[in-house]
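Below is entry.txt, holding compact mmCIF, C-alpha atoms.
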```txt
# COMPACT_ATOMS: atom_id res chain seq x y z
CA MET A 493 -130.84 -97.29 -6.81
CA ARG A 494 -130.76 -96.21 -3.18
CA LEU A 495 -134.39 -95.04 -3.11
CA ALA A 496 -135.59 -98.20 -4.79
CA SER A 497 -133.80 -100.42 -2.30
CA LEU A 498 -135.12 -98.29 0.56
CA SER A 499 -138.67 -98.65 -0.75
CA ILE A 500 -138.45 -102.44 -1.03
CA LEU A 501 -136.72 -102.99 2.28
CA LEU A 502 -138.77 -100.60 4.35
CA SER A 503 -141.96 -102.13 3.01
CA ALA A 504 -140.64 -105.53 4.07
CA LEU A 505 -139.56 -104.21 7.45
CA THR A 506 -142.96 -102.79 8.22
CA LEU A 507 -144.57 -106.08 7.25
CA GLY A 508 -142.25 -107.82 9.65
CA ALA A 509 -142.79 -105.32 12.41
CA CYS A 510 -146.50 -105.97 12.18
CA SER A 511 -146.07 -109.71 12.61
CA SER A 512 -147.98 -111.11 15.58
CA GLU A 513 -146.78 -114.65 14.99
CA VAL A 514 -145.37 -116.65 17.87
CA GLU A 515 -141.66 -116.07 17.96
CA GLU A 516 -139.48 -119.08 17.24
CA ARG A 517 -135.81 -119.78 17.57
CA PRO A 518 -133.97 -119.47 14.26
CA THR A 519 -133.09 -122.55 12.29
CA ASP A 520 -130.33 -120.93 10.25
CA GLU A 521 -128.55 -119.18 13.12
CA GLN A 522 -127.36 -121.05 16.18
CA PRO A 523 -126.98 -119.08 19.41
CA THR A 524 -123.37 -118.40 20.24
CA ALA A 525 -121.82 -118.74 23.67
CA GLU A 526 -121.54 -115.24 25.08
CA ILE A 527 -120.91 -113.73 28.47
CA ALA A 528 -124.17 -112.65 30.07
CA PRO A 529 -124.34 -108.86 30.47
CA ASN A 530 -124.69 -109.15 34.24
CA ASP A 531 -121.43 -111.12 34.34
CA ILE A 532 -119.58 -108.08 32.98
CA SER A 533 -118.40 -106.32 36.12
CA VAL A 534 -119.04 -102.57 36.01
CA GLU A 535 -118.77 -100.11 38.86
CA GLY A 536 -120.92 -97.07 39.36
CA GLU A 537 -124.59 -96.17 39.56
CA GLU A 538 -126.93 -98.48 37.64
CA ARG A 539 -128.51 -96.81 34.61
CA ARG A 540 -131.93 -98.25 33.78
CA ILE A 541 -133.13 -98.07 30.17
CA LEU A 542 -136.59 -99.11 28.98
CA ALA A 543 -136.60 -100.34 25.36
CA PHE A 544 -140.24 -99.79 24.35
CA GLY A 545 -141.23 -100.81 20.83
CA ASP A 546 -142.41 -103.49 18.41
CA SER A 547 -140.89 -106.67 16.95
CA LEU A 548 -137.69 -104.85 16.00
CA PHE A 549 -137.02 -104.58 19.73
CA ALA A 550 -138.66 -107.89 20.63
CA GLY A 551 -135.90 -109.88 18.88
CA TYR A 552 -138.13 -111.76 16.48
CA ASN A 553 -136.77 -115.24 15.71
CA LEU A 554 -133.58 -114.68 17.71
CA ALA A 555 -132.29 -116.28 20.88
CA ASP A 556 -133.10 -114.47 24.10
CA HIS A 557 -129.65 -112.90 24.34
CA GLN A 558 -129.52 -111.74 20.70
CA GLY A 559 -132.13 -108.97 20.59
CA TYR A 560 -131.30 -105.30 20.36
CA PRO A 561 -132.03 -104.48 24.04
CA GLU A 562 -129.91 -107.39 25.24
CA LYS A 563 -127.01 -106.62 22.89
CA LEU A 564 -127.23 -102.95 23.77
CA GLU A 565 -126.96 -103.73 27.48
CA ARG A 566 -123.86 -105.82 26.86
CA ALA A 567 -122.25 -103.11 24.72
CA LEU A 568 -122.97 -100.41 27.29
CA ARG A 569 -121.48 -102.51 30.07
CA GLU A 570 -118.42 -103.25 27.96
CA ASN A 571 -118.14 -99.45 27.57
CA GLY A 572 -118.10 -99.03 31.33
CA VAL A 573 -121.75 -98.03 31.75
CA ASN A 574 -123.52 -100.00 34.49
CA ALA A 575 -126.62 -100.42 32.33
CA ARG A 576 -129.72 -102.54 32.68
CA VAL A 577 -131.86 -102.51 29.53
CA ILE A 578 -135.45 -103.71 29.97
CA ASP A 579 -136.93 -105.26 26.83
CA SER A 580 -140.52 -104.13 26.33
CA GLY A 581 -140.88 -104.85 22.63
CA VAL A 582 -144.19 -106.36 21.47
CA SER A 583 -144.56 -107.71 17.95
CA GLY A 584 -147.37 -106.02 16.06
CA ASP A 585 -147.60 -102.92 18.20
CA THR A 586 -148.76 -99.74 16.53
CA SER A 587 -148.29 -96.35 18.13
CA ALA A 588 -151.87 -96.64 19.41
CA ALA A 589 -151.10 -99.97 21.08
CA GLY A 590 -147.96 -98.49 22.58
CA ARG A 591 -149.96 -95.54 23.87
CA GLN A 592 -152.39 -97.93 25.57
CA ARG A 593 -149.73 -99.95 27.39
CA LEU A 594 -147.03 -97.41 28.20
CA ALA A 595 -148.36 -96.19 31.54
CA PHE A 596 -149.04 -99.76 32.67
CA VAL A 597 -145.49 -100.84 31.79
CA LEU A 598 -144.00 -97.87 33.62
CA ASP A 599 -146.16 -98.52 36.68
CA GLN A 600 -144.96 -102.13 36.85
CA LEU A 601 -141.29 -101.21 36.93
CA GLU A 602 -139.54 -101.41 40.26
CA ASP A 603 -137.61 -98.20 39.57
CA LYS A 604 -138.17 -95.29 37.22
CA PRO A 605 -136.06 -95.63 34.06
CA ASP A 606 -133.24 -93.20 33.44
CA LEU A 607 -134.09 -93.30 29.72
CA VAL A 608 -136.78 -94.67 27.41
CA LEU A 609 -135.96 -95.79 23.88
CA LEU A 610 -139.23 -95.24 21.99
CA GLU A 611 -139.33 -97.35 18.81
CA LEU A 612 -142.74 -97.43 17.12
CA GLY A 613 -144.43 -96.24 13.93
CA GLY A 614 -143.54 -98.92 11.38
CA ASN A 615 -146.87 -100.71 11.81
CA ASP A 616 -148.75 -97.43 11.47
CA MET A 617 -147.07 -96.95 8.12
CA LEU A 618 -147.90 -100.47 6.98
CA ARG A 619 -151.57 -99.95 7.76
CA GLY A 620 -151.63 -96.57 6.06
CA ILE A 621 -152.59 -94.82 9.28
CA ASP A 622 -152.71 -91.06 8.87
CA PRO A 623 -149.44 -89.59 10.18
CA ALA A 624 -151.56 -87.09 12.11
CA ASP A 625 -152.97 -89.98 14.15
CA THR A 626 -149.50 -91.44 14.64
CA ARG A 627 -148.30 -88.03 15.80
CA ALA A 628 -151.17 -87.79 18.31
CA ASN A 629 -150.25 -91.18 19.78
CA PHE A 630 -146.59 -90.21 20.06
CA GLU A 631 -147.56 -86.91 21.67
CA ALA A 632 -149.61 -88.80 24.27
CA MET A 633 -146.68 -91.11 25.04
CA LEU A 634 -144.21 -88.25 25.19
CA ASP A 635 -146.59 -86.30 27.45
CA GLU A 636 -146.74 -89.32 29.76
CA LEU A 637 -142.97 -89.62 29.87
CA GLN A 638 -142.51 -85.88 30.31
CA GLN A 639 -144.92 -85.85 33.25
CA ARG A 640 -142.83 -88.59 34.85
CA ASP A 641 -139.62 -86.68 34.10
CA ILE A 642 -138.16 -89.52 32.00
CA PRO A 643 -135.82 -88.61 29.10
CA VAL A 644 -136.55 -90.15 25.70
CA LEU A 645 -134.54 -91.27 22.69
CA LEU A 646 -136.82 -91.57 19.64
CA MET A 647 -135.78 -94.37 17.27
CA GLY A 648 -136.97 -93.03 13.94
CA MET A 649 -138.33 -94.83 10.91
CA ARG A 650 -138.85 -93.74 7.31
CA ALA A 651 -141.67 -94.27 4.85
CA PRO A 652 -140.75 -95.76 1.47
CA PRO A 653 -141.27 -93.62 -1.64
CA ASN A 654 -144.12 -95.78 -2.92
CA TYR A 655 -146.34 -94.38 -0.17
CA GLY A 656 -146.41 -91.14 -2.11
CA PRO A 657 -144.55 -87.88 -1.47
CA ASP A 658 -147.18 -86.36 0.83
CA TYR A 659 -147.41 -89.37 3.14
CA GLN A 660 -143.66 -89.87 3.05
CA GLN A 661 -142.93 -86.25 3.95
CA ARG A 662 -145.44 -86.14 6.79
CA PHE A 663 -144.37 -89.48 8.26
CA ASP A 664 -140.63 -88.88 7.96
CA ALA A 665 -140.96 -85.46 9.60
CA LEU A 666 -142.65 -86.89 12.71
CA TYR A 667 -139.59 -87.95 14.65
CA GLY A 668 -137.51 -84.83 14.22
CA GLU A 669 -140.44 -82.50 14.87
CA LEU A 670 -141.50 -84.40 17.99
CA ALA A 671 -137.92 -84.47 19.26
CA ALA A 672 -137.71 -80.69 18.87
CA GLU A 673 -141.11 -80.13 20.49
CA TYR A 674 -140.41 -82.31 23.52
CA GLY A 675 -136.69 -81.83 23.89
CA ALA A 676 -136.07 -85.50 23.18
CA ALA A 677 -133.04 -87.05 21.55
CA VAL A 678 -133.59 -88.75 18.19
CA VAL A 679 -131.97 -91.28 15.87
CA PRO A 680 -133.54 -90.13 12.55
CA PHE A 681 -133.53 -93.63 10.97
CA TRP A 682 -132.20 -96.23 13.35
CA LEU A 683 -131.97 -98.98 10.65
CA GLU A 684 -129.72 -96.77 8.51
CA SER A 685 -126.65 -98.95 9.04
CA ILE A 686 -128.18 -102.21 7.76
CA TYR A 687 -131.04 -101.59 5.35
CA GLU A 688 -128.93 -101.86 2.19
CA ASP A 689 -127.25 -105.15 3.20
CA PRO A 690 -129.53 -108.22 2.74
CA SER A 691 -127.00 -110.42 4.54
CA LEU A 692 -127.87 -108.65 7.79
CA PHE A 693 -131.48 -109.83 7.58
CA GLN A 694 -132.95 -113.22 8.31
CA SER A 695 -134.20 -115.48 5.52
CA ASP A 696 -137.54 -113.66 5.61
CA ARG A 697 -135.56 -110.55 4.49
CA ILE A 698 -137.47 -108.64 7.12
CA HIS A 699 -135.96 -109.07 10.57
CA PRO A 700 -132.30 -108.42 11.41
CA THR A 701 -129.99 -111.35 12.07
CA ALA A 702 -127.89 -111.46 15.20
CA GLN A 703 -125.10 -109.88 13.14
CA GLY A 704 -127.51 -107.22 11.96
CA ILE A 705 -128.38 -106.48 15.58
CA ASP A 706 -124.66 -106.18 16.35
CA THR A 707 -124.36 -103.61 13.58
CA LEU A 708 -127.37 -101.65 14.80
CA VAL A 709 -126.00 -101.59 18.34
CA ALA A 710 -122.57 -100.45 17.16
CA HIS A 711 -124.07 -97.60 15.13
CA THR A 712 -126.47 -96.36 17.84
CA LEU A 713 -124.39 -96.95 20.98
CA ASP A 714 -122.97 -93.42 21.10
CA GLU A 715 -126.42 -91.89 20.67
CA VAL A 716 -127.85 -94.01 23.49
CA GLU A 717 -124.99 -93.06 25.79
CA ALA A 718 -125.37 -89.39 24.90
CA ALA A 719 -129.11 -89.54 25.67
CA LEU A 720 -128.54 -90.86 29.20
CA PRO A 721 -128.91 -88.03 31.70
CA ALA A 722 -125.88 -86.97 33.70
CA LYS A 723 -125.29 -88.91 36.89
CA ASN A 724 -126.44 -87.35 40.13
```

What would the structure in this file look like if it were written as structure tokens?
Amino acid sequence: MRLASLSILLSALTLGACSSEVEERPTDEQPTAEIAPNDISVEGEERRILAFGDSLFAGYNLADHQGYPEKLERALRENGVNARVIDSGVSGDTSAAGRQRLAFVLDQLEDKPDLVLLELGGNDMLRGIDPADTRANFEAMLDELQQRDIPVLLMGMRAPPNYGPDYQQRFDALYGELAAEYGAAVVPFWLESIYEDPSLFQSDRIHPTAQGIDTLVAHTLDEVEAALPAKN
């Protein structure tokens, strides 16, 4: 059943997102020769995107060029967008950890991002953190970004049914409600395109393979492009 598979996989995904293990190169997937994003010639104003999240952005157990931010940058450039995507994914981050480091990360950037992809919450769910606390952390991060006049695309997650209907409803509602409150764009469940296909996950059945990342990029590319503010 769809709900059963969602429950199993999302539980596994949150376990993986919480991993603080040292990242290693995969043994079952060899990096493929690909053109570096910066070697794809694109004219026009550079669009800077900050990918801020946990291990699902950090590219756990993948080669440096195979993570979501890196693949997204390549896809945007192939689409004619002069994009630079900055990978700020940290394995194990909760929304509280993201809240603590966001301002520091922004302050260290040479230029203000045109867009922030905010991908957190899975580790909160794993730890059973009250969705009200998760919401408060997201509100603090969104306040910070709003004060800096930086648009946001929320990369939503879902709670599995085994967390109970109350928790599930409150957690799942977070992303859409926050998007409406702050005028942010949102991908309601950004793993939607892969969660039912085990072949798109690594042998740990937790983290996406390079092919899984390709699928995620293909299914979120339009939403990322749409979230970029109009050029000056």

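Considering all atoms listed in the file, the residue among A:Leu683, A:Leu542, A:Val573, A:Leu598 positioned nearest to A:Glu717 is A:Val573.
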
Point-to-point distance from atom CA of A:Phe544 to atom CA of A:Val597, Å rounded to tenths
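These two atoms are separated by 9.2 Å.
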
So which residues touch A:Arg650 within 7 Å, counting only C-alpha atoms, skipping near sequence neighbours fewer than 2 positions away, as a JSON list (two decimals) with C-alpha atoms, in the coordinates of the input?
```json
[["chain", "number", "residue", "atom", "x", "y", "z"],
["A", 648, "GLY", "CA", -136.97, -93.03, 13.94],
["A", 652, "PRO", "CA", -140.75, -95.76, 1.47],
["A", 664, "ASP", "CA", -140.63, -88.88, 7.96],
["A", 681, "PHE", "CA", -133.53, -93.63, 10.97]]
```

Among A:Leu670, A:Asp556, A:Ile532, A:Pro643, A:Leu568 is approached most closely, using all atoms listed in the file, by A:Ile532

Nearest residue to A:Val608 out of A:Arg697, A:Arg627, A:Lys723, A:Arg539, using only C-alpha atoms?
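Smallest distance to A:Val608 is found for A:Arg539.
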